[in-house]
Every structure is written in C-alpha cells, then in structure tokens.
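To start, the structure under review is shown below, and the notes come after it.
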Amino acid sequence: MDKFEVLNKYFGYSEFRQGQQELIDAILEGRDVMGIMPTGAGKSICFQVPALMLDGITLVISPLISLMKDQVNALTQLGIKSAYINASLSEKQQSMVYAKAQAGRYKIIYVAPERLLTPVFSEFCNSVKISMLCIDEAHCVSHWGHDFRTAYLDISTFISSLCERPVVTAFTATATQMVRDDIERLIGLRNPLRVVTGFDRENLYFEVLRPKVKLVALRRYLDLYSGRSGIVYCSSRKTVDELYETLLKDKYSVTKYHAGLTKQERRVNQDLFINDEREIIIATNAFGMGIDKSNVSFVIHYNMPGDIESYYQEAGRAGRDGNEADCVLLYGAADIRMQKYFIDNPEENSDLSDEEVEALRRLRLQKLEKMIYYSTKASCLRNYILNYFGERTKGKCNSCSGCNGNDMSVDVTIPAQKVFSCIKRVRESESKRVVIDILKGNETQYILSKNYNELRTFGAMSDSAESEIEKHIDHFLKYAYISEKRTGSLYLEDKCTDILRNRKRVRKFVEKSEKTVSATAQDVDIRLLLKLKTLRKLLAHKSGVPDYSVFTDFVIVKMAMEKPKSIEQLRKIEGIPEHKLNKFGTVFLKEIVRHCDENIEKELNK
Ligand code: ADP
C-alpha cells in the first residue's frame, strides 16, 4: 500500500494537509524529521501513516500517561494494532504487552519518557525491531518551552542504547527558535528535515473583550453558544471551582477539571465533556493536551495566560473539525498581577543554575509583555499571533475583533418578513409561542384547531431552530418593529409596512459568533442529526469509547446533510476510514433510510 492508500483506508481522508506529505516522505526515506505545526493541524498522521508502512514497531514517546489509553482505543477503532506501556498496567499486563509486541502484534506503542532507561524496557527494545522513534510534544525537552519535563532529557541516551538507531521524528506546536534548536540538540536529531507549516487556523475567529464584569460577559457568550461544546480556561484552581459552582447553579451544562481533583474525578469529568454529556468544561491549563475532541466550537479564556504559545495552543483546541469556531479572551488588569505572581514564584527546578533561573524569569516577563500587547493593543489579533511565530502577513485578516470590533451587523430582512407576515396573517391575535409554532411548522392541537397549518407562513422557518426564531422575534420586539399587547398577542408597528413591501431592509447587530450559529443550522436535517447522534452514543457506549471515536461530528453532520443511501455514497463522505465503514456503515445507513421513509410517509399523509 502506498501512503495515499494508507491515508484513505485507515483514516478515510483523500488528501494530505500542508506539510504532512513532505514529512512522511522523509521518514520513509529514513531521514529524521522535526514537524512544527499548530494544534489541530494533523501531526499524528505524519507519524501514524509511515508507522503503518514501516516493517517494525513505532515507539511514540508521549507525556500524556492519562490519555494513552484513549489514544490506543482511537487507533483500535481505526483498525490499527497498538498498545501502551505505563504505570497504570500491572507487571503481568506489561509482560503481556512485551510478549505480544515480540510476536509482531503491534505497529505503534505509546510509552512515557520516564520508562525509557529502565532495564526491562531497554531489554525489550533491543529484542524487537524499532523502525521509528517518535517524540510527541517534543518541546517538553526544552527549559524554554512551557511544559518542560525532565525525563525528556533521557531520550538521547535511550537512542544511543539501541543496537540499531531508528529514524527519529519530533513533533511540536511550539515554534520559537530557541525551543526548535533545543529539540534538535537535546534529542540528537541527525540532519533533520524541518517542516514548519503555516500557523494560521483559518476557521478560528479571535476576539478580545475587556468587560467590566467578566462573569456577565461569560454568561452572554455561553447563552449565545448554547447547545455547543466549549472550554473555559482559568488561571487558578480556585477560579475554576468558583465559576463551576456559579454556572452550575445557573443550570448551565458544566463540568470542571484541574490538578487539585482526584485522578478519578478528572477522568469522570473529562469523559463527561468528551462524550458530550456536558457542554462546557471549566479548566486550568492542566486540561486539553492530547485531547482530540473535534467538535469544540469555542474556547473562552476567563483569564489571560502567560504567553502567546500557551494561548494559541489552548485556543487552538477549538475547531479541530474544520468548522468555524471562536476563541475569546476576557481580559482584565488583574490577570497581569496573577501572571507576574506565577513568574516570581516558579516551581522548584533543581536542574537549573541560579543564572539560568534568572534568565528564565526574564524570558517569561518578555513573553508576558507580548501577551499583554495582544490583549490590549494588537490591531489585528491573527496577524499579531502569526508574526509572533515568525510568519509574515499581508493586510488585515477581517476575522478577528481587532479588525471587526466586537459587533457585526447581519441582514435579517428575510426572517423579518416571515415573522411580520405571520403576525399579519393571524390578525395580530396570537402570542409569541403560537407564532413560533406556525413559523417552525409545529402541528400542535391548537394550531390544527385554528387551521393555521394552512397558512402560507406555516413552516416558513422550519429550517431554523426554535431558539433562533425566538431570538429574531425578541430582536424585533426590542427594536420596536413589533410590540406585545397586554394579552400577549403580537402586533405590527407602522415601520413594518416598508419592510413587508421590500422598500426597506432590516439589519441586526450581533456578536460575530451568533452569525456562525445561524449559518451552520441551515442545511442540516436537525431531526436526523439528533437520531444519528443518539445512535452514535449507543455504539460508542457498547465499545467503551468516546462518541467521536465512532464518527466525528463533522462526519455526522455531513450524513445529516447529504443523507447517503448506499455504502458507496457513504464512502464519499470525507473522514470515514474503511474499518469504520465496515463496522458501522450499515447501521447508520439504516437509520438514515428509515428517517427518510418516515418523512415521505408524513408528506403523503398531509
Ligand atoms: P495535532 O496533533 O496537530 O493537534 P491531530 O493529529 O490530532 O492534530 O489532528 C487534528 C484533526 O485533524 C484530527 O481530527 C485528524 O483526524 C484531522 N486530520 C489530520 N490530517 C488530516 C487530513 N489529511 N485530512 C483531513 N483531516 C485530517
């Protein structure tokens, strides 16, 4: 199989993304590589595709012990034989993994850096063929990065201890020159191919807000994003706990995550979020690394982080599925004090001399200055980030609050005409609820008793969610296009006449994010989408994996839009690997066909 066939068969994708092919080709030629790509760009495929093509085992060194199980489960779902070795396994289980690996059962094995120099592991590595050593989150080797991990320094000794040197590959999202040089030197990469892809994530919208009261602003955003999945980052455990309590009382669908919780609590809460049982996770920066939840559609920073690297990495957890997503920073002057406190009270690090500790302190202060600049003065937020990572930019991006301000206006003439016309047709005698039912096309007893289902406006907004129709009506009420009688019935004000006659248009100023919500709701059959999500949950539960491991949201939404009727049509949807097509394809098709048949029946019975 060539690399394209592997990409298609195991991952269901038809094209490589920027940088992937170059890196894979170099690895297959036996050359060391260093891949520097932003979060969500697709680093995993760069080592997983060649791992499947090389004859021996690929060892992946990863700092994320807590997630190794999930990573291996996700690979298993793709039909890729893999395992992990870490302290969560008993001695007996570890021996079993070693034995199976020696029998050639695994292509990829995940391991924590702390294990590399242990005698048992060394012996194992010299008893099998290791074709590739992959260092994930390679910036952990550098003191100048933001996640230094002492055990990463053992990697070069480990490589020298192997009888045969494998091809060595390193990946990170941290792009500063100092960190890149450290990775190359401290890991001992040999003449590596360095690939630095563009750092821009076009589907992300960046926004900085300096609200008087952060909690009020946060609530507004969460209301706007209702029904979608998102992360709220805070700088301290205390803020996480407080926000969690407050939002829970306000009935938001929240969970929380920080290093002060027990391992068990963290696991449970993380799963609640990953499986879409809670919409929002409130967390410190302890949450997120290595989590491939593709449908995160907003990341709000309740506090400013200490540097642009951390901010971009955390914000980059939004929109991995390629859909539009928002990254909002709620800035307040107190954030600076908090970050300065962290800089002046660093964690003990016995590996560093006093001079190095001081140099590190100064470096962190410089980085903080840049973060403050982003939060307070940057004219185009995206360009500022990209320039920080050494990329040149041309002109404004027009996709951040620096370019657009925090408000944007959208044309809502069409929904206005539908709402006004509906109110007119019921002779200004019905309440908001009934108007919503008519526009949405709900056949309630009341609607049928009044024959409203025969009106021309019945179902005129059936493609929109009820909450969206309600938002429109509220807006028209607020700006006095319509009013409410004491009885609750809606009536039209004079200025509606011009709009109904197409003489004037209506514009609405909304937060950009609201615009995105309405755009995505358009072409999807919502009822089918819900059915497919329920089915996915059931199958995921049966296999003991997160929902997105069955199919990502992107795939599910595409199914609800395109309604494929055969395996061939289903295969054309990007992101369905062969293994999953065989395993789940037929049952999803059945659900789609059943839904479509029901709809036809309903039409016939009308
Ligand atoms: P990173 O490790 O760089 O943060 P991942 O490797 O987790 O990113 O990939 C992010 C998402 O992009 C995943 O859902 C992955 O399946 C998807 N992806 C990666 N490569 C491709 C590709 N060539 N085409 C489409 N989607 C891809």
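The way I read the labels, and the way they are meant: chains A, B, ... in the order of the structure tokens, residue 1 as the first residue of every chain, and ligand 1 as the first ligand shown, with later ones counted on from there.
Every residue of stretch 39-127 of chain A with a DSSP assignment of strand (DSSP E), taken from the backbone, is listed as A:Ile57, A:Thr58, A:Leu59, A:Val60, A:Ile61, A:Ser82, A:Ala83, A:Tyr84, A:Ile85, A:Ile108, A:Ile109, A:Tyr110, A:Val111.
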| request: Step by step, measure atom-to-atom distances between ligand 1 and each residue using only C-alpha atoms and all ligand atoms, keep those at most 8 Å, then write them as a VMD selection string. | output: chain A and resid 7 11 13 to 17 20 37 to 46 172 to 173 290 to 294 317 320 to 322 552 574 to 575
Using N, CA, C and O atoms, can you write the selected residues to a file as a compact mmCIF listing (two decimals), in the first residue's frame?
# COMPACT_ATOMS: atom_id res chain seq x y z
N LEU A 7 -3.66 6.44 3.92
CA LEU A 7 -4.44 7.59 4.41
C LEU A 7 -5.93 7.34 4.22
O LEU A 7 -6.75 7.59 5.11
N PHE A 11 -7.69 6.19 7.62
CA PHE A 11 -8.18 7.45 8.20
C PHE A 11 -9.37 8.03 7.44
O PHE A 11 -10.02 8.95 7.93
N TYR A 13 -9.36 9.80 4.73
CA TYR A 13 -9.13 11.11 4.11
C TYR A 13 -8.56 10.92 2.71
O TYR A 13 -7.85 9.95 2.44
N SER A 14 -8.87 11.88 1.83
CA SER A 14 -8.41 11.72 0.46
C SER A 14 -7.17 12.54 0.14
O SER A 14 -6.48 12.30 -0.84
N GLU A 15 -6.88 13.54 0.97
CA GLU A 15 -5.72 14.39 0.68
C GLU A 15 -4.92 14.64 1.93
O GLU A 15 -5.48 14.66 3.03
N PHE A 16 -3.61 14.88 1.72
CA PHE A 16 -2.80 15.25 2.86
C PHE A 16 -2.94 16.75 3.10
O PHE A 16 -3.19 17.50 2.16
N ARG A 17 -2.77 17.13 4.33
CA ARG A 17 -2.78 18.56 4.64
C ARG A 17 -1.37 19.10 4.49
O ARG A 17 -0.41 18.34 4.39
N GLN A 20 2.23 17.46 5.68
CA GLN A 20 2.17 16.03 6.04
C GLN A 20 2.95 15.16 5.06
O GLN A 20 3.74 14.31 5.47
N MET A 37 3.95 22.24 13.77
CA MET A 37 2.63 22.54 13.22
C MET A 37 1.70 22.96 14.34
O MET A 37 1.81 22.42 15.45
N PRO A 38 0.79 23.88 14.09
CA PRO A 38 -0.08 24.31 15.18
C PRO A 38 -1.02 23.19 15.64
O PRO A 38 -1.26 22.23 14.90
N THR A 39 -1.53 23.33 16.84
CA THR A 39 -2.51 22.38 17.38
C THR A 39 -3.66 22.21 16.38
O THR A 39 -4.17 23.20 15.87
N GLY A 40 -4.01 20.97 16.15
CA GLY A 40 -5.15 20.71 15.26
C GLY A 40 -4.76 20.60 13.80
O GLY A 40 -5.60 20.33 12.95
N ALA A 41 -3.46 20.79 13.49
CA ALA A 41 -3.05 20.77 12.08
C ALA A 41 -2.95 19.36 11.53
O ALA A 41 -3.00 19.14 10.33
N GLY A 42 -2.77 18.37 12.43
CA GLY A 42 -2.70 16.98 11.96
C GLY A 42 -1.31 16.38 12.06
O GLY A 42 -0.83 15.76 11.11
N LYS A 43 -0.69 16.54 13.22
CA LYS A 43 0.66 15.98 13.39
C LYS A 43 0.63 14.45 13.46
O LYS A 43 1.52 13.79 12.94
N SER A 44 -0.41 13.90 14.10
CA SER A 44 -0.44 12.45 14.32
C SER A 44 -0.30 11.65 13.02
O SER A 44 0.42 10.66 12.96
N ILE A 45 -1.02 12.12 12.00
CA ILE A 45 -0.98 11.39 10.73
C ILE A 45 0.44 11.32 10.17
O ILE A 45 0.82 10.36 9.52
N CYS A 46 1.24 12.35 10.48
CA CYS A 46 2.62 12.39 9.96
C CYS A 46 3.45 11.22 10.47
O CYS A 46 4.39 10.79 9.81
N THR A 172 5.96 19.12 17.47
CA THR A 172 5.53 20.08 18.48
C THR A 172 4.71 21.19 17.84
O THR A 172 4.78 21.40 16.62
N ALA A 173 3.98 21.90 18.67
CA ALA A 173 3.24 23.07 18.17
C ALA A 173 3.95 24.35 18.61
O ALA A 173 3.49 25.44 18.32
N GLY A 290 -3.36 16.78 24.10
CA GLY A 290 -3.56 15.43 23.58
C GLY A 290 -5.02 15.03 23.42
O GLY A 290 -5.32 13.95 22.95
N ILE A 291 -5.93 15.92 23.78
CA ILE A 291 -7.34 15.55 23.63
C ILE A 291 -7.81 15.92 22.23
O ILE A 291 -7.67 17.06 21.82
N ASP A 292 -8.31 14.93 21.52
CA ASP A 292 -8.71 15.19 20.15
C ASP A 292 -10.24 15.25 20.08
O ASP A 292 -10.87 14.43 19.44
N LYS A 293 -10.83 16.19 20.82
CA LYS A 293 -12.29 16.34 20.73
C LYS A 293 -12.52 17.31 19.58
O LYS A 293 -12.17 18.50 19.70
N SER A 294 -13.08 16.79 18.51
CA SER A 294 -13.07 17.60 17.30
C SER A 294 -14.14 18.69 17.27
O SER A 294 -14.00 19.67 16.57
N ARG A 317 -7.54 24.45 20.49
CA ARG A 317 -8.34 23.24 20.71
C ARG A 317 -9.75 23.40 20.17
O ARG A 317 -10.53 22.45 20.13
N ARG A 320 -11.22 21.82 15.67
CA ARG A 320 -10.36 20.80 15.04
C ARG A 320 -11.07 20.12 13.88
O ARG A 320 -10.45 19.54 13.02
N ASP A 321 -12.42 20.15 13.89
CA ASP A 321 -13.16 19.51 12.81
C ASP A 321 -13.22 20.39 11.55
O ASP A 321 -13.84 20.03 10.56
N GLY A 322 -12.58 21.54 11.62
CA GLY A 322 -12.58 22.41 10.44
C GLY A 322 -13.77 23.36 10.40
O GLY A 322 -13.83 24.27 9.58
N THR A 552 -16.73 11.35 13.82
CA THR A 552 -16.61 12.72 14.33
C THR A 552 -17.91 13.49 14.04
O THR A 552 -18.70 13.07 13.19
N GLU A 574 -15.95 12.55 3.46
CA GLU A 574 -14.57 12.66 3.95
C GLU A 574 -14.49 12.30 5.44
O GLU A 574 -15.34 12.72 6.23
N GLY A 575 -13.51 11.49 5.79
CA GLY A 575 -13.30 11.20 7.22
C GLY A 575 -13.86 9.87 7.68
O GLY A 575 -13.94 9.62 8.88
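Comparing A:Ser142, A:Tyr302, A:Glu279, A:Ser549 by their smallest distance to A:Ala217, the closest is A:Tyr302 (using only C-alpha atoms).
Using only C-alpha atoms, the residues found no farther than 10 Å from A:Ser399, other than those of its own chain fewer than 6 positions away, are Glu202, Asn203, Leu204, Tyr205, Phe206, Glu207, Cys380, Leu381, Arg382, Gly405 and Lys512 of chain A.
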Atoms kept (N, CA and C atoms) for selection, written as an mmCIF file, in the first residue's frame:
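Contents of again.cif, freshly written:
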data_model
loop_
_atom_site.group_PDB
_atom_site.id
_atom_site.type_symbol
_atom_site.label_atom_id
_atom_site.label_comp_id
_atom_site.auth_asym_id
_atom_site.auth_seq_id
_atom_site.Cartn_x
_atom_site.Cartn_y
_atom_site.Cartn_z
ATOM 1 N N GLU A 202 -7.493 29.030 9.780
ATOM 2 C CA GLU A 202 -8.436 29.960 9.161
ATOM 3 C C GLU A 202 -9.837 29.909 9.743
ATOM 4 N N ASN A 203 -10.220 28.752 10.268
ATOM 5 C CA ASN A 203 -11.604 28.635 10.763
ATOM 6 C C ASN A 203 -11.779 29.219 12.173
ATOM 7 N N LEU A 204 -10.704 29.727 12.766
ATOM 8 C CA LEU A 204 -10.846 30.285 14.114
ATOM 9 C C LEU A 204 -11.048 31.795 14.054
ATOM 10 N N TYR A 205 -12.006 32.277 14.834
ATOM 11 C CA TYR A 205 -12.250 33.715 14.948
ATOM 12 C C TYR A 205 -11.694 34.157 16.298
ATOM 13 N N PHE A 206 -10.855 35.187 16.300
ATOM 14 C CA PHE A 206 -10.239 35.629 17.560
ATOM 15 C C PHE A 206 -10.909 36.900 18.058
ATOM 16 N N GLU A 207 -11.099 36.918 19.356
ATOM 17 C CA GLU A 207 -11.804 38.052 19.938
ATOM 18 C C GLU A 207 -11.201 38.369 21.304
ATOM 19 N N CYS A 380 -4.632 43.748 14.614
ATOM 20 C CA CYS A 380 -5.235 42.537 14.028
ATOM 21 C C CYS A 380 -4.719 41.367 14.863
ATOM 22 N N LEU A 381 -5.609 40.712 15.567
ATOM 23 C CA LEU A 381 -5.193 39.675 16.529
ATOM 24 C C LEU A 381 -4.503 38.506 15.821
ATOM 25 N N ARG A 382 -5.077 38.089 14.698
ATOM 26 C CA ARG A 382 -4.500 36.940 13.996
ATOM 27 C C ARG A 382 -3.086 37.276 13.508
ATOM 28 N N GLY A 405 -14.052 44.799 15.305
ATOM 29 C CA GLY A 405 -14.724 45.269 16.512
ATOM 30 C C GLY A 405 -15.507 44.095 17.078
ATOM 31 N N LYS A 512 -20.341 38.341 16.409
ATOM 32 C CA LYS A 512 -19.992 37.524 15.258
ATOM 33 C C LYS A 512 -20.407 36.066 15.431
#
| query | Restricting the calculation to only C-alpha atoms, which member of A:Ala560, A:Ala540, A:Val179, A:Val550 is positioned closest to A:Ile576? | reply | A:Val550
Contacts of A:Lys396 at 12 Å or less, counting only C-alpha atoms, minus same-chain residues fewer than 3 places along, as a compact mmCIF listing (two decimals) with C-alpha atoms, in the first residue's frame?
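Dumped to around06.txt:
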# COMPACT_ATOMS: atom_id res chain seq x y z
CA ALA A 378 -2.96 44.49 18.79
CA SER A 379 -4.78 45.90 15.76
CA CYS A 380 -5.23 42.54 14.03
CA LEU A 381 -5.19 39.67 16.53
CA ARG A 382 -4.50 36.94 14.00
CA ASN A 383 -1.61 38.80 12.37
CA TYR A 384 -0.13 39.52 15.77
CA LEU A 386 1.30 34.80 13.26
CA ARG A 392 4.77 37.26 7.55
CA THR A 393 1.26 38.51 6.98
CA SER A 399 -11.73 37.63 11.00
CA CYS A 400 -10.95 38.90 14.48
CA SER A 401 -12.30 41.54 16.82
CA GLY A 402 -9.19 43.64 16.13
CA CYS A 403 -10.34 44.01 12.52
CA ASN A 404 -14.09 43.95 13.04
| Where in stretch 271-448 of chain A does DSSP assign alpha helix (DSSP H), given as a ChimeraX atom specification? | /A:271-274,308-315,334-344,354-376,381-388,401-404,413-425,432-440,445-448
| Counting only C-alpha atoms, the residue of A:Gly230, A:Gly12, A:Gly188, A:Gly332 that sits nearest A:Val33 |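 Nearest candidate to A:Val33 out of A:Gly230, A:Gly12, A:Gly188, A:Gly332: A:Gly188.
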| request: May I ask which of the residues A:Ser235, A:Arg361, A:Phe420, A:Asp154 is the closest one to A:Glu347, counting only C-alpha atoms? | output: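 Nearest candidate to A:Glu347 out of A:Ser235, A:Arg361, A:Phe420, A:Asp154: A:Arg361.
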